[in-house]
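Presented below is the structure to which this report refers.
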Amino acid sequence: MNSNIVIYGNIYTVDKKNPKASALAISDGKFVYVGDEEGVKDYIDKDTEEIRYDKGIILPGFGEGHGHIAPGGTEELFFVHLNPMGTLQEHLAAIKEFVKNRPEMDVIQGSGFVPTPDMGPNGPTADLLNGITDKPIVLADIGHHSYWVNHAAMERLGIDKNTPDVSDGIITRDEQGNPTGYFREGAMDLLKELTVFSVEQYKEGFLHYQEEYLANGETLILEPIINWDTTDNAAIACHELDMEGKLHMHIYAAYQVFQAEGHDTMAEIEHAAQLREKTKGSMFEITNIKIQIDGTMPGTPSTAYMKEPYTDPWSIEHQHRGQLRFDMETLIKIYIKSHELGFTVHAHAIGDGALSMALDAMEKALEQTGEHDYRDAVTHLQVVDRADIPRMAKLNVIASTDPHWFDFEPDYFEMMVAVLGEERAEAQLPMKAFFDAGVTVTSASDYPVTNPAYPLAGMQKGVIRQLPGRPDTLHNARERVTIEQMIEATTINEAYQMLCEDRLGSITVGKEADLVVLGDDITKCDPEHIQDSPVLGTMVGGEWVYTCK
Ligand SMILES: [Zn+2]
């Protein structure tokens, strides 16, 4: 049998049956041989291209377990970028500059601010944005859990004193009941009309992301909220790119559903199923239902849902358990309905209370639906009750972890101690504990919350849990994992989470030929330099989609 391409090198397959190889052959976009130089000879004829890498390592294409490329790609192109460390004055200057330079924008959108006390005791206000422009301004915080908007934005949408509160979010109001311009969690929905991008803008955004991340070895991604702006535009954009042959990254997507005023949760799951049929292709498919069970922390008040009370960072008196966006009955229904329609459920749970609820709901759903293999995932997992980890293993729930977040600046950690107390703060963001309990662990970045979010940087952070040369940023050293575990989490386990491990995720005969060639052997190099290894080439389906010039 002849092949188009034969590659020689240090091949790390992530295939337990055949872990190391020195040669591989590719034909018609698939691996047809993975073994030694002697064995590959049978696959070579005069037309075969032979490539040899004397150093470095060859790995399966990298995966991203939770990256918001729908908003992320468009944000790169059409947003004002606020520096999270910046002051209020710096934010205002950046917005003014953007307004001047981008006159074509009907709505001024931006992201990246951190709500700090100098913006006001109850978060930033519309008044702060007075005098900049007559156009609506909508700014997302760095974690995309709140919007800071100007008066023009509220006026355009008719949001005022009479706008009713929402059950899954917070409209911040002044003493007279007027919205002040700060909308949290589910209340962000009220502004969504202003944050819509067109299909064409999404296409530009996806291609922008794809080019940058293929150059960093990423070939597979879960986009966790394809309906970010509540439209189908991003899904249609991915589908059109797929049909045009322009998608070179495998994109699986989740469709987010809600339980709140104006939402019919079950009808939204049905809509997702229809959209799946309309948009599915070889490189793009909607396979997940996304639920955001709780919110984020810190904030005022914080919205992560915990088993035990915790404190708000800027108002020590305020002790609470956070905020839930679903009740148990609805969660159970979501799991049942999603599974019936062939969807996996991807749940956002940042607090230990939210994780437990997700697991309880899955257990209850299973009682009705019986054994399953849906690969439901829970993501973020910042505060975790250790007692829930064996439950995750038993239920075959995937731990979608965020290694990029595994270090803490000392000041920030001090604040987290004030918020959570020492014990919970120190145990944050486990990873090794999941591996030890036999849970399938994947790696995610929550891009653009982490930005840039290159896979090698995530792998490095999972191994060292600190910034290079900065031992003062080390967090929870007991949860360090090995580079081999990080590779597994970033390749085969991502494919397992996305139910495509029969086609992707390892260098195995019969699978699609997706691989990354690195200039340094990251299994042998100094762990503080994993992320410095150059990506020499990225291949998807037997075609080079990136080569280092
Ligand atoms: Zn996310």
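Residues are named by chain letter and number: chains run A, B, ... in the order of the structure tokens, numbers start at 1 in each chain, and ligands are numbered from 1 in the order shown.
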Practice prompt. Quick one: everything within 7 Å of range 398-415 of chain A, counting only C-alpha atoms, minus sequence neighbours fewer than 4 positions away in the same chain. Send it as a PyMOL selection string.
Written response: chain A and resi 65+313+375-381+419+429+431+439-445+458+461-462+465-467+472-475+497
How about saving the chosen residues, C-alpha atoms kept, as a CSV table (one decimal), in the first residue's frame?
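Printed below is result.csv as written:
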chain,number,residue,atom,x,y,z
A,65,GLY,CA,-12.4,21.8,25.9
A,313,PRO,CA,-14.7,41.0,48.5
A,375,ARG,CA,-20.1,12.2,28.3
A,376,ASP,CA,-21.7,15.0,30.1
A,377,ALA,CA,-19.1,17.5,31.3
A,378,VAL,CA,-18.9,20.0,34.1
A,379,THR,CA,-16.6,23.0,33.6
A,380,HIS,CA,-14.6,25.5,35.7
A,381,LEU,CA,-14.7,23.5,38.9
A,419,VAL,CA,-13.8,35.7,50.2
A,429,LEU,CA,-8.9,24.5,41.0
A,431,MET,CA,-6.8,18.7,38.7
A,439,VAL,CA,-12.4,10.9,36.2
A,440,THR,CA,-11.7,11.8,32.5
A,441,VAL,CA,-10.0,15.2,32.6
A,442,THR,CA,-9.9,17.7,29.8
A,443,SER,CA,-8.2,21.0,29.5
A,444,ALA,CA,-10.0,24.2,28.7
A,445,SER,CA,-9.2,27.9,28.7
A,458,GLY,CA,-2.2,25.5,29.3
A,461,LYS,CA,0.4,25.8,33.7
A,462,GLY,CA,-1.1,22.4,34.6
A,465,ARG,CA,0.8,25.9,38.6
A,466,GLN,CA,2.8,29.1,38.7
A,467,LEU,CA,4.2,31.7,36.4
A,472,ASP,CA,5.2,33.6,44.7
A,473,THR,CA,2.4,32.8,42.2
A,474,LEU,CA,2.4,29.0,42.9
A,475,HIS,CA,-1.1,27.8,43.8
A,497,GLN,CA,-15.5,14.6,25.7
Discussion item. Please list as JSON, numbers by chain every residue within 9 Å of Glu494 in chain A, counting only C-alpha atoms and excluding residues in the same chain fewer than 3 positions away.
Written reply: {"A": [62, 63, 64, 65, 220, 221, 222, 400, 441, 442, 443, 488, 489, 490, 491, 497, 498, 499, 500, 501, 505]}
Can those selected residues be exported to a file as a PDB file, in the first residue's frame so that it contains C-alpha atoms?
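Saved result, selection_3.pdb, follows:
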ATOM      1  CA  PHE A  62      -4.418  19.721  20.380  1.00  0.00           C
ATOM      2  CA  GLY A  63      -7.934  20.218  21.681  1.00  0.00           C
ATOM      3  CA  GLU A  64      -9.634  23.052  23.552  1.00  0.00           C
ATOM      4  CA  GLY A  65     -12.382  21.794  25.877  1.00  0.00           C
ATOM      5  CA  LEU A 220     -10.274  20.559  17.821  1.00  0.00           C
ATOM      6  CA  ILE A 221     -12.501  22.799  19.929  1.00  0.00           C
ATOM      7  CA  LEU A 222     -15.725  22.853  21.876  1.00  0.00           C
ATOM      8  CA  SER A 400     -13.371  20.183  32.070  1.00  0.00           C
ATOM      9  CA  VAL A 441     -10.046  15.170  32.638  1.00  0.00           C
ATOM     10  CA  THR A 442      -9.923  17.678  29.800  1.00  0.00           C
ATOM     11  CA  SER A 443      -8.179  21.011  29.456  1.00  0.00           C
ATOM     12  CA  GLU A 488      -3.741  13.261  27.533  1.00  0.00           C
ATOM     13  CA  ALA A 489      -6.112  15.984  28.776  1.00  0.00           C
ATOM     14  CA  THR A 490      -5.378  18.091  25.692  1.00  0.00           C
ATOM     15  CA  THR A 491      -5.681  15.343  23.055  1.00  0.00           C
ATOM     16  CA  GLN A 497     -15.469  14.569  25.657  1.00  0.00           C
ATOM     17  CA  MET A 498     -16.581  15.502  22.144  1.00  0.00           C
ATOM     18  CA  LEU A 499     -17.492  11.863  21.299  1.00  0.00           C
ATOM     19  CA  CYS A 500     -15.068  11.686  18.398  1.00  0.00           C
ATOM     20  CA  GLU A 501     -12.300   9.566  19.941  1.00  0.00           C
ATOM     21  CA  GLY A 505      -7.363  12.490  19.530  1.00  0.00           C
TER      22      GLY A 505
END
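For Asp373 in chain A, the non-local neighbours within 10 Å, defined as residues at least 6 positions apart in the same chain or in other chains and counting only C-alpha atoms, are His339, Thr344, Leu395, Asn396, Val397 and Leu499 of chain A.
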Go through chain A and flag each residue having an atom no more than 9 Å from ligand 1; for those, report the closest pair of atoms plus their distance in Å to one decimal, using only C-alpha atoms and all ligand atoms, ordered by chain and rising number, as CSV.
residue,atom,partner,partner_atom_place_in_ligand_line,distance
A:His66,CA,ligand 1,1 (Zn),6.4
A:Gly67,CA,ligand 1,1 (Zn),6.7
A:His68,CA,ligand 1,1 (Zn),6.4
A:Gly143,CA,ligand 1,1 (Zn),8.1
A:His144,CA,ligand 1,1 (Zn),8.3
A:Glu223,CA,ligand 1,1 (Zn),8.8
A:Pro224,CA,ligand 1,1 (Zn),6.5
A:Ile225,CA,ligand 1,1 (Zn),7.8
A:Gln292,CA,ligand 1,1 (Zn),8.8
A:His348,CA,ligand 1,1 (Zn),7.3
A:Thr379,CA,ligand 1,1 (Zn),8.1
A:His380,CA,ligand 1,1 (Zn),8.0
A:Ser445,CA,ligand 1,1 (Zn),8.3
A:Asp446,CA,ligand 1,1 (Zn),4.7
A:Tyr447,CA,ligand 1,1 (Zn),7.4
A:Pro448,CA,ligand 1,1 (Zn),8.6
A:Val449,CA,ligand 1,1 (Zn),7.6
Those residues with C-alpha atoms, as a PDB file, in the first residue's frame please?
ATOM      1  CA  HIS A  66     -14.236  25.104  26.312  1.00  0.00           C
ATOM      2  CA  GLY A  67     -13.341  28.141  24.202  1.00  0.00           C
ATOM      3  CA  HIS A  68     -15.823  30.874  23.274  1.00  0.00           C
ATOM      4  CA  GLY A 143     -15.276  37.031  32.692  1.00  0.00           C
ATOM      5  CA  HIS A 144     -18.321  38.024  30.604  1.00  0.00           C
ATOM      6  CA  GLU A 223     -17.459  26.232  21.417  1.00  0.00           C
ATOM      7  CA  PRO A 224     -19.630  26.265  24.564  1.00  0.00           C
ATOM      8  CA  ILE A 225     -22.235  28.915  23.604  1.00  0.00           C
ATOM      9  CA  GLN A 292     -24.873  27.850  33.296  1.00  0.00           C
ATOM     10  CA  HIS A 348     -20.933  25.542  34.001  1.00  0.00           C
ATOM     11  CA  THR A 379     -16.614  22.951  33.604  1.00  0.00           C
ATOM     12  CA  HIS A 380     -14.621  25.491  35.661  1.00  0.00           C
ATOM     13  CA  SER A 445      -9.202  27.950  28.688  1.00  0.00           C
ATOM     14  CA  ASP A 446     -12.596  29.697  28.609  1.00  0.00           C
ATOM     15  CA  TYR A 447     -11.123  31.866  25.825  1.00  0.00           C
ATOM     16  CA  PRO A 448     -11.458  34.869  25.575  1.00  0.00           C
ATOM     17  CA  VAL A 449     -11.562  34.972  29.386  1.00  0.00           C
TER      18      VAL A 449
END
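Shortest atom-to-atom contact with His91 in chain A among A:Leu247, A:Gly110, A:Leu241, A:Glu212: A:Gly110, counting only C-alpha atoms.
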Worksheet item: Out of range 183-309 of chain A, which residues get strand (DSSP E) from DSSP, as a PyMOL selection string?
Response: chain A and resi 183-185+218-223+250-256+284-292
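Remark: for Lys549 in chain A, the closest of the candidate residues A:Met297, A:Ala433, A:Ser27, A:Ala215 is A:Ala215 (distances computed over only C-alpha atoms).
With CA of Met392 in chain A on one side and CA of Leu420 in chain A on the other, the separation reads 23.4 Å.
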Discussion item. Give me the residues near range 349-356 of chain A as an NGL selection string, where near means some atom within 8 Å (using only C-alpha atoms) and where sequence neighbours in that chain fewer than 4 positions away do not count.
Written reply: :A and (292-296 or 304-307 or 324 or 360 or 378-385 or 388)
Worksheet item: Where in range 352-506 of chain A does DSSP assign helix (DSSP H, G or I), given as a PyMOL selection string?
Response: chain A and resi 352-369+388-394+403-405+410-420+422-426+432-436+455-464+471-473+477-479+483-490+492-497
Worksheet item: Do you know which residues are at most 12 Å from Gln274 in chain A counting only C-alpha atoms, after dropping those on the same chain fewer than 2 positions away, and could you put them as a list of chain:residue names?
Response: A:Asp232, A:Ala235, A:Tyr255, A:Ala267, A:Glu268, A:Ile269, A:Glu270, A:His271, A:Ala272, A:Arg276, A:Glu277, A:Lys278, A:Thr279, A:Lys280, A:Glu285, A:Ile286, A:Thr287, A:Leu341
Can you write just those residues out, N, CA and C atoms, as a short mmCIF file (atom, residue, chain, number, x, y, z; two decimals), in the first residue's frame?
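This is the output file out_2.cif:
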data_model
loop_
_atom_site.label_atom_id
_atom_site.label_comp_id
_atom_site.auth_asym_id
_atom_site.auth_seq_id
_atom_site.Cartn_x
_atom_site.Cartn_y
_atom_site.Cartn_z
N ASP A 232 -28.94 32.62 15.79
CA ASP A 232 -28.31 31.44 15.18
C ASP A 232 -27.15 31.85 14.27
N ALA A 235 -23.77 29.91 14.40
CA ALA A 235 -23.88 28.53 13.90
C ALA A 235 -23.96 28.54 12.37
N TYR A 255 -25.24 24.59 22.55
CA TYR A 255 -26.30 25.59 22.45
C TYR A 255 -26.79 25.86 23.87
N ALA A 267 -38.33 24.05 24.76
CA ALA A 267 -38.43 24.49 23.36
C ALA A 267 -37.05 24.91 22.84
N GLU A 268 -36.21 25.45 23.72
CA GLU A 268 -34.86 25.85 23.29
C GLU A 268 -34.02 24.61 22.94
N ILE A 269 -34.21 23.53 23.71
CA ILE A 269 -33.47 22.29 23.39
C ILE A 269 -33.95 21.75 22.04
N GLU A 270 -35.25 21.83 21.81
CA GLU A 270 -35.77 21.37 20.51
C GLU A 270 -35.24 22.24 19.36
N HIS A 271 -35.16 23.52 19.61
CA HIS A 271 -34.61 24.41 18.58
C HIS A 271 -33.15 24.03 18.28
N ALA A 272 -32.41 23.71 19.34
CA ALA A 272 -31.01 23.31 19.15
C ALA A 272 -30.92 22.08 18.24
N ARG A 276 -29.10 21.91 14.75
CA ARG A 276 -28.07 20.89 14.52
C ARG A 276 -28.24 20.26 13.14
N GLU A 277 -29.49 19.88 12.82
CA GLU A 277 -29.73 19.22 11.53
C GLU A 277 -29.43 20.17 10.37
N LYS A 278 -29.75 21.44 10.57
CA LYS A 278 -29.58 22.43 9.51
C LYS A 278 -28.12 22.78 9.25
N THR A 279 -27.27 22.61 10.27
CA THR A 279 -25.91 23.14 10.15
C THR A 279 -24.83 22.07 10.22
N LYS A 280 -25.21 20.80 10.33
CA LYS A 280 -24.15 19.82 10.56
C LYS A 280 -23.38 19.50 9.30
N GLU A 285 -20.44 20.73 14.08
CA GLU A 285 -21.71 20.12 14.51
C GLU A 285 -22.06 20.60 15.92
N ILE A 286 -23.35 20.86 16.13
CA ILE A 286 -23.83 21.18 17.48
C ILE A 286 -24.11 19.85 18.18
N THR A 287 -23.40 19.58 19.27
CA THR A 287 -23.51 18.28 19.92
C THR A 287 -23.88 18.39 21.40
N LEU A 341 -32.66 13.60 22.91
CA LEU A 341 -32.42 14.16 21.57
C LEU A 341 -30.97 13.97 21.12
#
Practice prompt. Determine the nearest neighbour of Glu200 in chain A from the options A:Gly158, A:Tyr12, A:Glu240, A:His145, counting only C-alpha atoms.
Written response: A:Glu240
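By only C-alpha atoms, and with residues fewer than 3 positions from Asn2 in chain A along its chain excluded, the set lying at most 10 Å from it is A:Ile5, A:Val6, A:Ala25, A:Ile26, A:Ser27, A:Val32, A:Val40, A:Lys41, A:Asp42, A:Tyr43, A:Ile44, A:Asp45, A:Lys46, A:Asp47, A:Thr48.
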Quick one: everything within 10 Å of Asp15 in chain A, counting only C-alpha atoms, minus sequence neighbours fewer than 6 positions away in the same chain. Send it as a CSV table (one decimal) with C-alpha atoms, in the first residue's frame.
chain,number,residue,atom,x,y,z
A,60,PRO,CA,-1.9,14.4,18.0
A,488,GLU,CA,-3.7,13.3,27.5
A,492,ILE,CA,-7.5,12.0,23.5
A,505,GLY,CA,-7.4,12.5,19.5
A,506,SER,CA,-4.5,10.1,19.0
A,507,ILE,CA,-2.0,9.0,16.3
A,508,THR,CA,-3.6,5.7,15.5
A,509,VAL,CA,-4.1,3.7,12.3
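Considering only C-alpha atoms, the residue among A:Leu359, A:Val417, A:Val196, A:Leu214 positioned nearest to Trp228 in chain A is A:Val196.
The gap separating CA of Tyr147 in chain A from CA of Lys192 in chain A is 10.0 Å, in Å to one decimal.
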